[in-house]
Amino acid sequence: MLLSTRGLSKQFVGLRAVDSVDFDLPEGEIRALIGPNGAGKTTLVGMISGRIAPSAGRVIFDGRDVTALPAHRRIALGMAYTFQITSVFARLSVAENVALAARRRLKGSAVGSAVEAALDRVGLLPRAGQEAGDLAYGHQRLLEIAMGLAQRPRLLILDEPTQGLAEGEIEAFKTLVREVAQESTILLIEHNMRVVMELANRITVLNFGAVLAEGTPAEIHLNAEVQAAYLGGVSDAAAG
Amino acid sequence: MRVYALHAGLIVLLFALHFLLPAYHHGNLARVMVLASYAIGYNILFGYTGLLSLGHALFFAAGLYGMGLGIQHLGLAPAPAFLLGLVAGAVVSGGLALLALRTSGVAFMIVTLMFAQAGYLTLLYFGTYTRGDEGFVIAQASRALWGIDLSDPGNRYLAALILFGTCLLLSLWLVRTPFGRVLVAIRENEERVRMLGYDTFAHKLAAMVISGTIAAAAGAGYGLLFGYAGATFASVQYSIFPLLWVLLGGAGTVLGPFVGTLFMFYLIDLSSGITTAYMLIAGVVLVALTLFAPQGLMGEVRRRLWKGLP
Ligand SMILES: Nc1ncnc2c1ncn2[C@@H]1O[C@H](COP(=O)(O)OP(=O)(O)OP(=O)(O)O)[C@@H](O)[C@H]1O
Ligand SMILES: [Mg+2]
């Protein structure tokens, strides 16, 4: 198991955002994490990556209990996290954004080629010299992904990466994720059910902070409980 | 390449001015160079790392008194006294960083301000040694560095140039290293830097020690070259000055601290020649500058003329 959580919980004032989640993710898998708005998905991966301190529970990464480690140490162990709310360095160039991600593991001229490779993969290479803040929203999402790629993580956590992408860009994104999955395990939070169904090996459904169901895309598709809690609502949202 | 040519060019120009300037401006420029070194130190923390300190006078004074008391009471020669000043600056800034970096934003400003104020009061309290507000003169005899009399205007100018040139090139080099790039990224978005796997606390700590040590070098240099140490240099005023200089010259530019210090020095110098209400003139010009060049003089140059200016 590359990643496990046991009893992971987050209590906000008057709200249990994540409620005792036991979660297991084997190496090499593409796992989708889905659930209605406010289900606790971002909070859960926030606790996994160390951005949010849990109220209870443990996180085990690569056989090691990392619950007490600060975020930067967990990232250094091989996690990468892309933000749901785009969080690039707006006043720095696109290339420098990716270089910052790459420089943690590389030095000297290797940085430049890693930056080029990551930007090329998401199709942003022609914009390498631009200021990141000048990019269109969808391109900023792609830049977030490039920053994740440049870290060569063992676990890549993507929080709603396709939000704001055009139809053609979503196709390219699917191809990209399949490629990246050759080297990294992927935990993908995603509202676009077509993307989820096509990409994920398995799906975990979160509802009111707790795991509602887990299974292959086909199983989840047929699960009546999931249908009731979630899928009905979302196909409307995806259409709208 | 162009970047290094520009910055080395300034140093060469200042060297040439040593032979060209009339005595009055020659003396002014020596003082400006030392104060600009102080501003360079301040700029590392404020301009590049994005941490607004209101307590840098503490570091300047740590250098000034580390050096001055070393000469006065320990009988040190200028070189080891200067080193003692640097060590004092590094220790004080490291200590304050460990406390103040637990906070951010306004709280960081208040904590640095309060500790600097405590440092100032400490200097007054130990008036027997520090001579408090009145200060003490560092005798000409004890300001001879390897036989070179630093009170001589020519030597003083060149020593100031060496100090300034070292600080300038050091900061130019620093902000272009991977470490310096991380500082800039922290200024832009600290949370994101942490989530890229960098220990942002360690980076900010290092930035504050480097910044404080450069400020201390300027303080120690000031005492050695101008022969005086007084508690005024530890007062709030001397924490505000580098902030103003850096803002005027351009925060987060390598040349900004020098440009800002020079500009402000001559602004006050010239306007006080015209009228006794010179602070009024200076104030009006400062307001105009913040309106029309909010990123400071070199910040405007970067925006309009040269995007890659470090
Ligand atoms: N810092 C916070 N303080 C208080 N409540 C919070 C905080 N962050 C999140 N919440 C609440 O916790 C719940 C879970 O939020 P979270 O962002 O994890 O949901 P999500 O599944 O990612 O939703 P979405 O699909 O909209 O991104 C929500 O009700 C949210 O309002
Ligand atoms: Mg979310």
# chains A, B, ... in the order shown; residues from 1 in each chain; ligands from 1

$ interface_residues --of "chain A" --to "chain B" --cutoff "6 Å" --atoms "only C-alpha atoms" --output "count of residues only"
4

$ residues_near_ligand --ligand "ligand 2" --cutoff "9 Å" --atoms "only C-alpha atoms and all ligand atoms" --output "PyMOL selection string"
chain A and resi 37-43+84-85+159-160+189

$ atom_distance --atom1 "CA of Gly223 (chain B)" --atom2 "CA of Ile44 (chain B)"
22.4 Å

$ atom_distance --atom1 "CA of Gln72 (chain B)" --atom2 "CA of Gly230 (chain B)"
13.1 Å

$ closest_residue --among "B:Phe258, B:Tyr157, B:Tyr278, B:Phe82" --to "Pro242 (chain B)" --atoms "only C-alpha atoms"
B:Phe258

$ closest_atom_pairs --of "chain A" --to "ligand 1" --cutoff "12 Å" --atoms "only C-alpha atoms and all ligand atoms" --output "Markdown table"
| residue | atom | partner | partner_atom_place_in_ligand_line | distance |
| --- | --- | --- | --- | --- |
| A:Ser9 | CA | ligand 1 | 18 (O) | 11.3 |
| A:Lys10 | CA | ligand 1 | 12 (O) | 8.6 |
| A:Gln11 | CA | ligand 1 | 5 (N) | 8.4 |
| A:Phe12 | CA | ligand 1 | 4 (C) | 5.0 |
| A:Val13 | CA | ligand 1 | 4 (C) | 6.3 |
| A:Gly14 | CA | ligand 1 | 4 (C) | 8.5 |
| A:Leu15 | CA | ligand 1 | 12 (O) | 6.9 |
| A:Arg16 | CA | ligand 1 | 12 (O) | 7.3 |
| A:Ala17 | CA | ligand 1 | 12 (O) | 4.5 |
| A:Val18 | CA | ligand 1 | 14 (C) | 7.2 |
| A:Asp19 | CA | ligand 1 | 14 (C) | 10.6 |
| A:Leu33 | CA | ligand 1 | 21 (O) | 9.1 |
| A:Ile34 | CA | ligand 1 | 21 (O) | 7.8 |
| A:Gly35 | CA | ligand 1 | 21 (O) | 6.3 |
| A:Pro36 | CA | ligand 1 | 25 (O) | 5.9 |
| A:Asn37 | CA | ligand 1 | 25 (O) | 3.6 |
| A:Gly38 | CA | ligand 1 | 19 (O) | 3.5 |
| A:Ala39 | CA | ligand 1 | 21 (O) | 3.8 |
| A:Gly40 | CA | ligand 1 | 18 (O) | 3.2 |
| A:Lys41 | CA | ligand 1 | 21 (O) | 3.7 |
| A:Thr42 | CA | ligand 1 | 22 (O) | 3.6 |
| A:Thr43 | CA | ligand 1 | 18 (O) | 3.7 |
| A:Leu44 | CA | ligand 1 | 18 (O) | 6.4 |
| A:Val45 | CA | ligand 1 | 18 (O) | 8.2 |
| A:Gly46 | CA | ligand 1 | 18 (O) | 8.1 |
| A:Met47 | CA | ligand 1 | 18 (O) | 9.9 |
| A:Arg51 | CA | ligand 1 | 1 (N) | 11.0 |
| A:Ile52 | CA | ligand 1 | 1 (N) | 8.7 |
| A:Ala53 | CA | ligand 1 | 1 (N) | 10.7 |
| A:Pro54 | CA | ligand 1 | 1 (N) | 11.8 |
| A:Phe83 | CA | ligand 1 | 27 (O) | 10.5 |
| A:Gln84 | CA | ligand 1 | 27 (O) | 7.2 |
| A:Ile85 | CA | ligand 1 | 27 (O) | 9.0 |
| A:Leu158 | CA | ligand 1 | 22 (O) | 11.6 |
| A:Asp159 | CA | ligand 1 | 27 (O) | 8.0 |
| A:Glu160 | CA | ligand 1 | 27 (O) | 7.8 |
| A:Pro161 | CA | ligand 1 | 27 (O) | 11.3 |
| A:Gln163 | CA | ligand 1 | 27 (O) | 10.7 |
| A:Leu188 | CA | ligand 1 | 22 (O) | 11.7 |
| A:Ile189 | CA | ligand 1 | 22 (O) | 8.2 |
| A:Glu190 | CA | ligand 1 | 25 (O) | 8.2 |
| A:His191 | CA | ligand 1 | 25 (O) | 7.4 |
| A:Asn192 | CA | ligand 1 | 25 (O) | 11.1 |
| A:Val205 | CA | ligand 1 | 21 (O) | 10.2 |
| A:Leu206 | CA | ligand 1 | 21 (O) | 7.7 |
| A:Asn207 | CA | ligand 1 | 21 (O) | 8.2 |
| A:Phe208 | CA | ligand 1 | 14 (C) | 8.0 |
| A:Gly209 | CA | ligand 1 | 14 (C) | 7.2 |
| A:Ala210 | CA | ligand 1 | 21 (O) | 10.7 |
| A:Val211 | CA | ligand 1 | 21 (O) | 11.8 |
| A:Tyr230 | CA | ligand 1 | 25 (O) | 11.6 |
| A:Val234 | CA | ligand 1 | 25 (O) | 10.7 |
| A:Ala237 | CA | ligand 1 | 25 (O) | 11.5 |

$ residues_around --residues "Arg74 (chain A)" --least-positions-apart "5" --cutoff "8 Å" --atoms "only C-alpha atoms" --output "number ranges by chain"
A: 49-50, 66, 69, 79; B: 197

$ write_last_selection --atoms "N, CA, C and O atoms" --output "mmCIF file, in the first residue's frame"
data_model
loop_
_atom_site.group_PDB
_atom_site.id
_atom_site.type_symbol
_atom_site.label_atom_id
_atom_site.label_comp_id
_atom_site.auth_asym_id
_atom_site.auth_seq_id
_atom_site.Cartn_x
_atom_site.Cartn_y
_atom_site.Cartn_z
ATOM 1 N N SER A 49 -1.819 15.383 2.633
ATOM 2 C CA SER A 49 -0.602 16.073 2.202
ATOM 3 C C SER A 49 0.010 16.934 3.314
ATOM 4 O O SER A 49 1.121 17.434 3.167
ATOM 5 N N GLY A 50 -0.713 17.108 4.404
ATOM 6 C CA GLY A 50 -0.142 17.865 5.524
ATOM 7 C C GLY A 50 -0.514 19.333 5.533
ATOM 8 O O GLY A 50 -0.043 20.094 6.370
ATOM 9 N N VAL A 66 3.286 9.191 8.727
ATOM 10 C CA VAL A 66 3.738 10.558 8.463
ATOM 11 C C VAL A 66 2.850 11.596 9.150
ATOM 12 O O VAL A 66 2.983 12.786 8.903
ATOM 13 N N LEU A 69 4.525 14.563 10.530
ATOM 14 C CA LEU A 69 5.441 15.324 9.671
ATOM 15 C C LEU A 69 4.764 16.571 9.100
ATOM 16 O O LEU A 69 3.608 16.517 8.702
ATOM 17 N N MET A 79 5.183 13.062 -2.292
ATOM 18 C CA MET A 79 3.806 13.463 -2.631
ATOM 19 C C MET A 79 3.874 14.750 -3.429
ATOM 20 O O MET A 79 4.786 15.551 -3.254
ATOM 21 N N GLY B 197 7.273 21.487 -1.169
ATOM 22 C CA GLY B 197 8.221 20.691 -0.411
ATOM 23 C C GLY B 197 9.378 21.464 0.193
ATOM 24 O O GLY B 197 10.357 20.878 0.641
#

$ residues_around --residues "Asn28 (chain B)" --least-positions-apart "6" --cutoff "10 Å" --atoms "only C-alpha atoms" --output "ChimeraX atom specification"
/B:157,262,265-266,269

$ write_last_selection --atoms "C-alpha atoms" --output "compact mmCIF listing (two decimals), in the first residue's frame"
# COMPACT_ATOMS: atom_id res chain seq x y z
CA TYR B 157 35.54 56.68 0.73
CA LEU B 262 21.10 58.49 -2.61
CA PHE B 265 19.93 61.93 1.10
CA TYR B 266 20.13 64.58 -1.58
CA ASP B 269 20.24 67.98 1.62

$ closest_residue --among "A:Arg202, A:Arg31, A:His221, A:Arg104" --to "Gln151 (chain A)" --atoms "only C-alpha atoms"
A:Arg104

$ closest_residue --among "B:Thr130, B:Leu58, B:Pro294, B:Ile281" --to "Ile268 (chain B)" --atoms "only C-alpha atoms"
B:Ile281

$ atom_distance --atom1 "CA of Pro78 (chain B)" --atom2 "CA of Tyr238 (chain B)"
23.8 Å

$ closest_residue --among "A:Asp24, A:Glu225, A:Gly108, A:Ser93" --to "Leu125 (chain A)" --atoms "only C-alpha atoms"
A:Ser93

$ select_by_dssp --residues "region 125-168 of chain B" --states "helix (DSSP H, G or I)" --output "list in words"
Tyr125, Gly127, Thr128, Tyr129, Thr130, Gln140, Ala141, Ser142, Arg143, Pro153, Gly154, Asn155, Arg156, Tyr157, Leu158, Ala159, Ala160, Leu161, Ile162, Leu163, Phe164, Gly165, Thr166, Cys167 and Leu168 of chain B

$ select_by_dssp --residues "region 47-249 of chain B" --states "strand (DSSP E or B)" --output "MDAnalysis selection string"
chainID B and resid 136:137 144:145 148:149 228:229

$ closest_residue --among "A:Leu92, A:Val196, A:Ala56, A:Val98" --to "Ile170 (chain A)" --atoms "only C-alpha atoms"
A:Val196

$ residues_around --residues "Asp134 (chain A)" --least-positions-apart "4" --cutoff "10 Å" --atoms "only C-alpha atoms" --output "CSV table (one decimal) with N, CA, C and O atoms, in the first residue's frame"
chain,number,residue,atom,x,y,z
A,90,ALA,N,1.7,34.2,-9.5
A,90,ALA,CA,1.2,35.0,-10.6
A,90,ALA,C,2.2,35.9,-11.2
A,90,ALA,O,2.2,36.2,-12.4
A,91,ARG,N,3.1,36.5,-10.4
A,91,ARG,CA,4.0,37.5,-10.9
A,91,ARG,C,5.3,36.9,-11.4
A,91,ARG,O,6.2,37.6,-11.9
A,93,SER,N,7.4,34.0,-14.0
A,93,SER,CA,7.1,33.4,-15.3
A,93,SER,C,6.7,32.0,-15.2
A,93,SER,O,6.9,31.4,-14.1
A,94,VAL,N,6.0,31.5,-16.2
A,94,VAL,CA,5.5,30.2,-16.3
A,94,VAL,C,6.7,29.2,-16.0
A,94,VAL,O,6.6,28.3,-15.2
A,130,GLN,N,6.0,33.8,-20.4
A,130,GLN,CA,4.9,34.7,-20.0
A,130,GLN,C,4.8,34.7,-18.5
A,130,GLN,O,5.2,33.8,-17.8
A,139,HIS,N,-5.4,27.6,-18.6
A,139,HIS,CA,-3.9,27.4,-18.7
A,139,HIS,C,-3.2,27.4,-17.4
A,139,HIS,O,-2.3,26.7,-17.1
A,140,GLN,N,-3.8,28.2,-16.4
A,140,GLN,CA,-3.2,28.2,-15.1
A,140,GLN,C,-3.4,26.8,-14.4
A,140,GLN,O,-2.6,26.3,-13.7

$ closest_residue --among "B:Leu83, B:Leu124, B:Leu52, B:Ile162" --to "Ala107 (chain B)" --atoms "only C-alpha atoms"
B:Leu52

$ residues_around --residues "Tyr4 (chain B)" --least-positions-apart "3" --cutoff "9 Å" --atoms "only C-alpha atoms" --output "list in words"
Met1, His7, Ala8, Gly9, Leu169 and Leu172 of chain B
